[in-house]
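Okay, start.txt now, which holds compact mmCIF, C-alpha atoms:
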```txt
# COMPACT_ATOMS: atom_id res chain seq x y z
CA MET A 1 -4.23 26.51 -109.09
CA LEU A 2 -2.94 23.72 -111.23
CA ALA A 3 0.15 22.31 -109.57
CA MET A 4 2.95 20.89 -111.62
CA PRO A 5 4.82 18.43 -109.42
CA VAL A 6 7.27 17.55 -112.14
CA LEU A 7 9.49 15.75 -109.67
CA LEU A 8 7.16 15.00 -106.78
CA CYS A 9 9.79 17.01 -105.01
CA GLY A 10 9.80 17.01 -101.28
CA ILE A 11 6.73 15.10 -102.11
CA MET A 12 3.43 16.77 -102.61
CA LEU A 13 0.83 14.37 -103.83
CA ALA A 14 -2.64 15.79 -104.15
CA THR A 15 -5.97 14.16 -104.68
CA ALA A 16 -7.38 17.47 -105.89
CA CYS A 17 -6.45 16.64 -109.48
CA THR A 18 -9.21 14.05 -109.68
CA LYS A 19 -11.75 16.54 -111.03
CA PRO A 20 -14.38 14.68 -113.07
CA ALA A 21 -14.23 15.16 -116.85
CA ASN A 22 -17.97 15.87 -116.80
CA ASP A 23 -20.58 16.54 -114.14
CA SER A 24 -22.58 13.33 -114.50
CA PRO A 25 -23.33 11.41 -111.30
CA ALA A 26 -21.25 8.46 -112.57
CA ALA A 27 -18.25 10.69 -113.27
CA LYS A 28 -18.55 12.33 -109.86
CA ALA A 29 -18.80 8.94 -108.15
CA ARG A 30 -15.78 7.66 -110.08
CA ALA A 31 -13.74 10.76 -109.19
CA SER A 32 -14.77 10.42 -105.54
CA ALA A 33 -13.74 6.76 -105.47
CA GLU A 34 -10.41 7.58 -107.13
CA ALA A 35 -9.76 10.37 -104.62
CA ALA A 36 -10.53 8.01 -101.72
CA GLU A 37 -8.20 5.39 -103.20
CA VAL A 38 -5.37 7.92 -103.54
CA ALA A 39 -5.97 9.24 -100.02
CA ASN A 40 -5.82 5.70 -98.63
CA ALA A 41 -2.64 4.97 -100.59
CA LEU A 42 -0.95 8.12 -99.27
CA LEU A 43 -2.00 7.29 -95.71
CA ASN A 44 -0.53 3.80 -96.08
CA PHE A 45 2.68 5.27 -97.53
CA ALA A 46 3.04 7.62 -94.55
CA LYS A 47 2.41 4.79 -92.07
CA CYS A 48 4.93 2.56 -93.83
CA MET A 49 7.57 5.30 -93.78
CA ARG A 50 7.05 5.76 -90.03
CA GLU A 51 7.33 1.98 -89.55
CA HIS A 52 10.72 2.30 -91.24
CA GLY A 53 11.86 5.04 -88.86
CA GLN A 54 11.11 8.11 -90.97
CA ASN A 55 9.20 11.11 -89.63
CA VAL A 56 6.43 11.37 -92.24
CA PRO A 57 3.09 12.98 -91.32
CA ASP A 58 -0.29 11.67 -92.43
CA PRO A 59 -1.88 13.41 -95.42
CA ASP A 60 -3.75 16.62 -94.62
CA PRO A 61 -7.39 15.53 -94.15
CA ALA A 62 -8.69 18.83 -95.56
CA THR A 63 -6.66 18.85 -98.78
CA GLY A 64 -5.55 15.25 -99.27
CA GLU A 65 -1.97 16.43 -99.71
CA LEU A 66 1.00 14.57 -98.33
CA ARG A 67 3.82 16.98 -97.64
CA ILE A 68 7.12 15.43 -96.74
CA PRO A 69 10.07 17.61 -95.78
CA PRO A 70 13.14 16.82 -97.86
CA PRO A 71 15.28 14.20 -96.10
CA SER A 72 18.81 15.04 -95.07
CA SER A 73 20.25 12.21 -97.17
CA HIS A 74 19.38 10.69 -100.53
CA GLU A 75 22.33 8.32 -100.70
CA ARG A 76 21.64 4.78 -101.79
CA GLY A 77 21.32 2.60 -98.75
CA SER A 78 20.54 5.48 -96.37
CA PRO A 79 17.64 4.91 -93.94
CA TRP A 80 15.50 7.26 -96.07
CA ASP A 81 16.37 5.34 -99.25
CA VAL A 82 15.62 1.99 -97.61
CA ALA A 83 12.26 3.30 -96.34
CA THR A 84 11.20 4.78 -99.69
CA GLN A 85 12.17 1.56 -101.48
CA ALA A 86 10.08 -0.43 -99.00
CA CYS A 87 7.07 1.90 -99.14
CA GLN A 88 6.91 3.36 -102.64
CA HIS A 89 4.52 0.62 -103.78
CA PHE A 90 1.83 2.49 -101.80
CA LEU A 91 2.27 5.63 -103.90
CA PRO A 92 -0.10 6.24 -106.79
CA GLY A 93 1.94 5.07 -109.75
CA GLY A 94 4.49 3.52 -107.37
CA VAL A 95 6.96 6.34 -108.01
CA PHE A 96 9.02 8.37 -105.57
CA ASN A 97 11.52 10.93 -106.76
CA PRO A 98 13.81 12.82 -104.39
CA PRO A 99 13.84 16.63 -104.38
CA PRO A 100 15.73 18.22 -107.26
CA ASN A 101 19.37 19.22 -106.88
CA ALA A 102 20.62 22.72 -107.75
CA GLN A 103 21.15 21.86 -111.44
CA GLU A 104 17.64 20.38 -111.74
CA LEU A 105 16.13 23.45 -110.03
CA GLU A 106 17.86 25.66 -112.60
CA GLN A 107 16.49 23.46 -115.40
CA LEU A 108 13.00 23.73 -113.91
CA ARG A 109 13.40 27.52 -113.74
CA ALA A 110 14.46 27.60 -117.42
CA PHE A 111 11.43 25.46 -118.26
CA ALA A 112 9.09 27.87 -116.43
CA VAL A 113 10.67 30.86 -118.20
CA CYS A 114 10.20 29.11 -121.54
CA MET A 115 6.56 28.24 -120.78
CA ARG A 116 5.86 31.88 -119.84
CA ALA A 117 7.48 32.97 -123.12
CA HIS A 118 4.94 30.68 -124.83
CA ASP A 119 1.92 32.26 -123.08
CA ILE A 120 1.52 29.80 -120.19
CA ASP A 121 1.28 31.67 -116.88
CA MET A 122 3.53 29.54 -114.66
CA SER A 123 5.47 30.13 -111.45
CA ASP A 124 9.16 29.53 -111.01
CA PRO A 125 9.87 26.35 -109.06
CA GLU A 126 9.87 26.47 -105.27
CA THR A 127 13.49 26.47 -104.13
CA SER A 128 13.08 25.49 -100.47
CA GLY A 129 10.78 23.80 -98.01
CA ALA A 130 8.54 20.79 -98.47
CA ASP A 131 7.42 21.89 -101.96
CA ILE A 132 10.89 22.22 -103.47
CA GLY A 133 10.65 21.98 -107.25
CA LYS A 134 6.87 22.55 -107.34
CA ILE A 135 5.64 24.66 -110.23
CA GLU A 136 2.12 26.06 -110.43
CA ILE A 137 0.14 27.06 -113.48
CA HIS A 138 -1.90 30.22 -113.01
CA GLY A 139 -4.26 32.16 -115.25
CA ARG A 140 -6.76 30.52 -117.57
CA LEU A 141 -5.38 26.99 -116.97
CA ALA A 142 -5.16 27.29 -113.18
CA ASN A 143 -8.22 25.10 -112.60
CA ALA A 144 -7.87 22.87 -115.64
CA THR A 145 -7.60 19.12 -115.29
CA ARG A 146 -4.54 17.40 -116.71
CA ALA A 147 -6.57 16.26 -119.73
CA GLU A 148 -7.93 19.77 -120.33
CA ALA A 149 -4.44 21.30 -120.24
CA ASP A 150 -2.97 18.54 -122.40
CA ASN A 151 -5.68 19.22 -125.00
CA ASP A 152 -5.22 23.00 -124.94
CA PRO A 153 -3.45 24.04 -128.18
CA VAL A 154 -1.40 26.81 -126.52
CA TYR A 155 -0.30 24.51 -123.69
CA LYS A 156 0.54 21.71 -126.15
CA ALA A 157 2.65 24.08 -128.26
CA ALA A 158 4.43 25.44 -125.18
CA MET A 159 5.20 21.91 -123.91
CA GLU A 160 6.54 20.97 -127.33
CA ALA A 161 8.80 24.03 -127.34
CA CYS A 162 9.96 23.73 -123.72
CA ARG A 163 10.04 20.00 -122.89
CA ASP A 164 13.79 19.79 -123.59
CA LYS A 165 14.43 22.24 -120.73
CA LEU A 166 13.06 19.77 -118.13
CA PRO A 167 15.52 17.69 -116.13
CA ALA A 168 15.67 14.01 -117.11
CA SER A 169 14.17 13.13 -113.73
CA ALA A 170 10.99 15.05 -114.61
CA ASN A 171 9.89 12.20 -116.89
CA GLY A 172 8.53 14.62 -119.46
CA GLY A 173 6.70 16.32 -116.57
CA THR A 174 3.32 17.78 -117.04
CA LYS A 175 1.11 18.99 -114.28
```

Starting from the file, give its structure as structure tokens.
Amino acid sequence: MLAMPVLLCGIMLATACTKPANDSPAAKARASAEAAEVANALLNFAKCMREHGQNVPDPDPATGELRIPPPSSHERGSPWDVATQACQHFLPGGVFNPPPNAQELEQLRAFAVCMRAHDIDMSDPETSGADIGKIEIHGRLANATRAEADNDPVYKAAMEACRDKLPASANGGTK
């Protein structure tokens, strides 16, 4: 399934999205190298967070996912905030966003409803646990790469129609 971590909520970073654009040996090697680089970055992020006193597990070796339970505090200057500021440079893209609040979850739900109304089979956002805010695309685009979905005319039209429903923190979120 194509995951849509519009907020990297409760953080789920996956290396599975590094599917090669074609099946050539060079593309496969490039995708494998990118996946290894992301996996190493996530491992370093987890280690750094632990060095800063936060209970963050290593990425799952089988899936490459890093699942972090939502912290109890997101206040500026909290131990969690200090740790994420110190360690976010390890993240692919150097971005860490906290889990969505109730208003953002409602906006994500409205976005998912809109996308479904525009023929994109999409789940409502997770509302609890480590994957809070995560949205998955099902159906014909479930196994599509980001580029494939972004080039799909139905998906493009749905994003155009529904983008304004996303919370500002989603950064225009796509998969």

Task: Option closest in space to Lys47 in chain A, from A:Ile135, A:Cys114, A:Ala83, A:Leu166 [counting all atoms listed in the file] - done: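 Of the candidates, the smallest distance to Lys47 in chain A is held by A:Ala83.
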
TODO: Take CA of Ala26 in chain A and CA of Leu66 in chain A and report the distance between them in Å, one decimal.
DONE: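 CA of Leu66 in chain A lies at a distance of 27.1 Å from CA of Ala26 in chain A.
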
TODO: Rank A:Thr127, A:Asn44, A:Gln54, A:Asn143 by their smallest atom-to-atom distance to Gln103 in chain A, using only C-alpha atoms, and report the top residue only.
DONE: A:Thr127

- [ ] May I ask which of the residues A:Arg50, A:Arg140, A:Lys28, A:Arg146 is the closest one to Asp119 in chain A, counting all atoms listed in the file?
- [x] A:Arg140

Task: Residue nearest Leu105 in chain A - candidates A:Asp124, A:Asp81, A:Asp58, A:Glu136, atoms counted: only C-alpha atoms - done: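 The shortest atom-to-atom distance to Leu105 in chain A comes from A:Asp124.
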
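With distances taken over all atoms listed in the file, A:Gly133 is the one residue among A:Pro153, A:Pro61, A:Gly139, A:Gly133 lying closest to Ala102 in chain A.
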
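For the pair CA of Ala86 in chain A and CA of Ala31 in chain A, the interatomic distance is 28.2 Å.
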
TODO: With a distance cut-off of 9 Å and all atoms listed in the file, select the neighbouring residues of Leu43 in chain A, excluding the residue or stretch itself and same-chain residues fewer than 5 positions from it, and output the selection as a ChimeraX atom specification.
DONE: /A:38,48,57-59,66,90

Open item on the list: I'd like the interatomic distance between CA of Met49 in chain A and CA of Glu106 in chain A, to a tenth of an Å.
Closed with: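 Value for the CA of Met49 in chain A-CA of Glu106 in chain A distance: 29.6 Å.
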
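Closest approach to Lys134 in chain A among A:Arg109, A:Lys165, A:Arg30, A:His89: A:Arg109, based on all atoms listed in the file.
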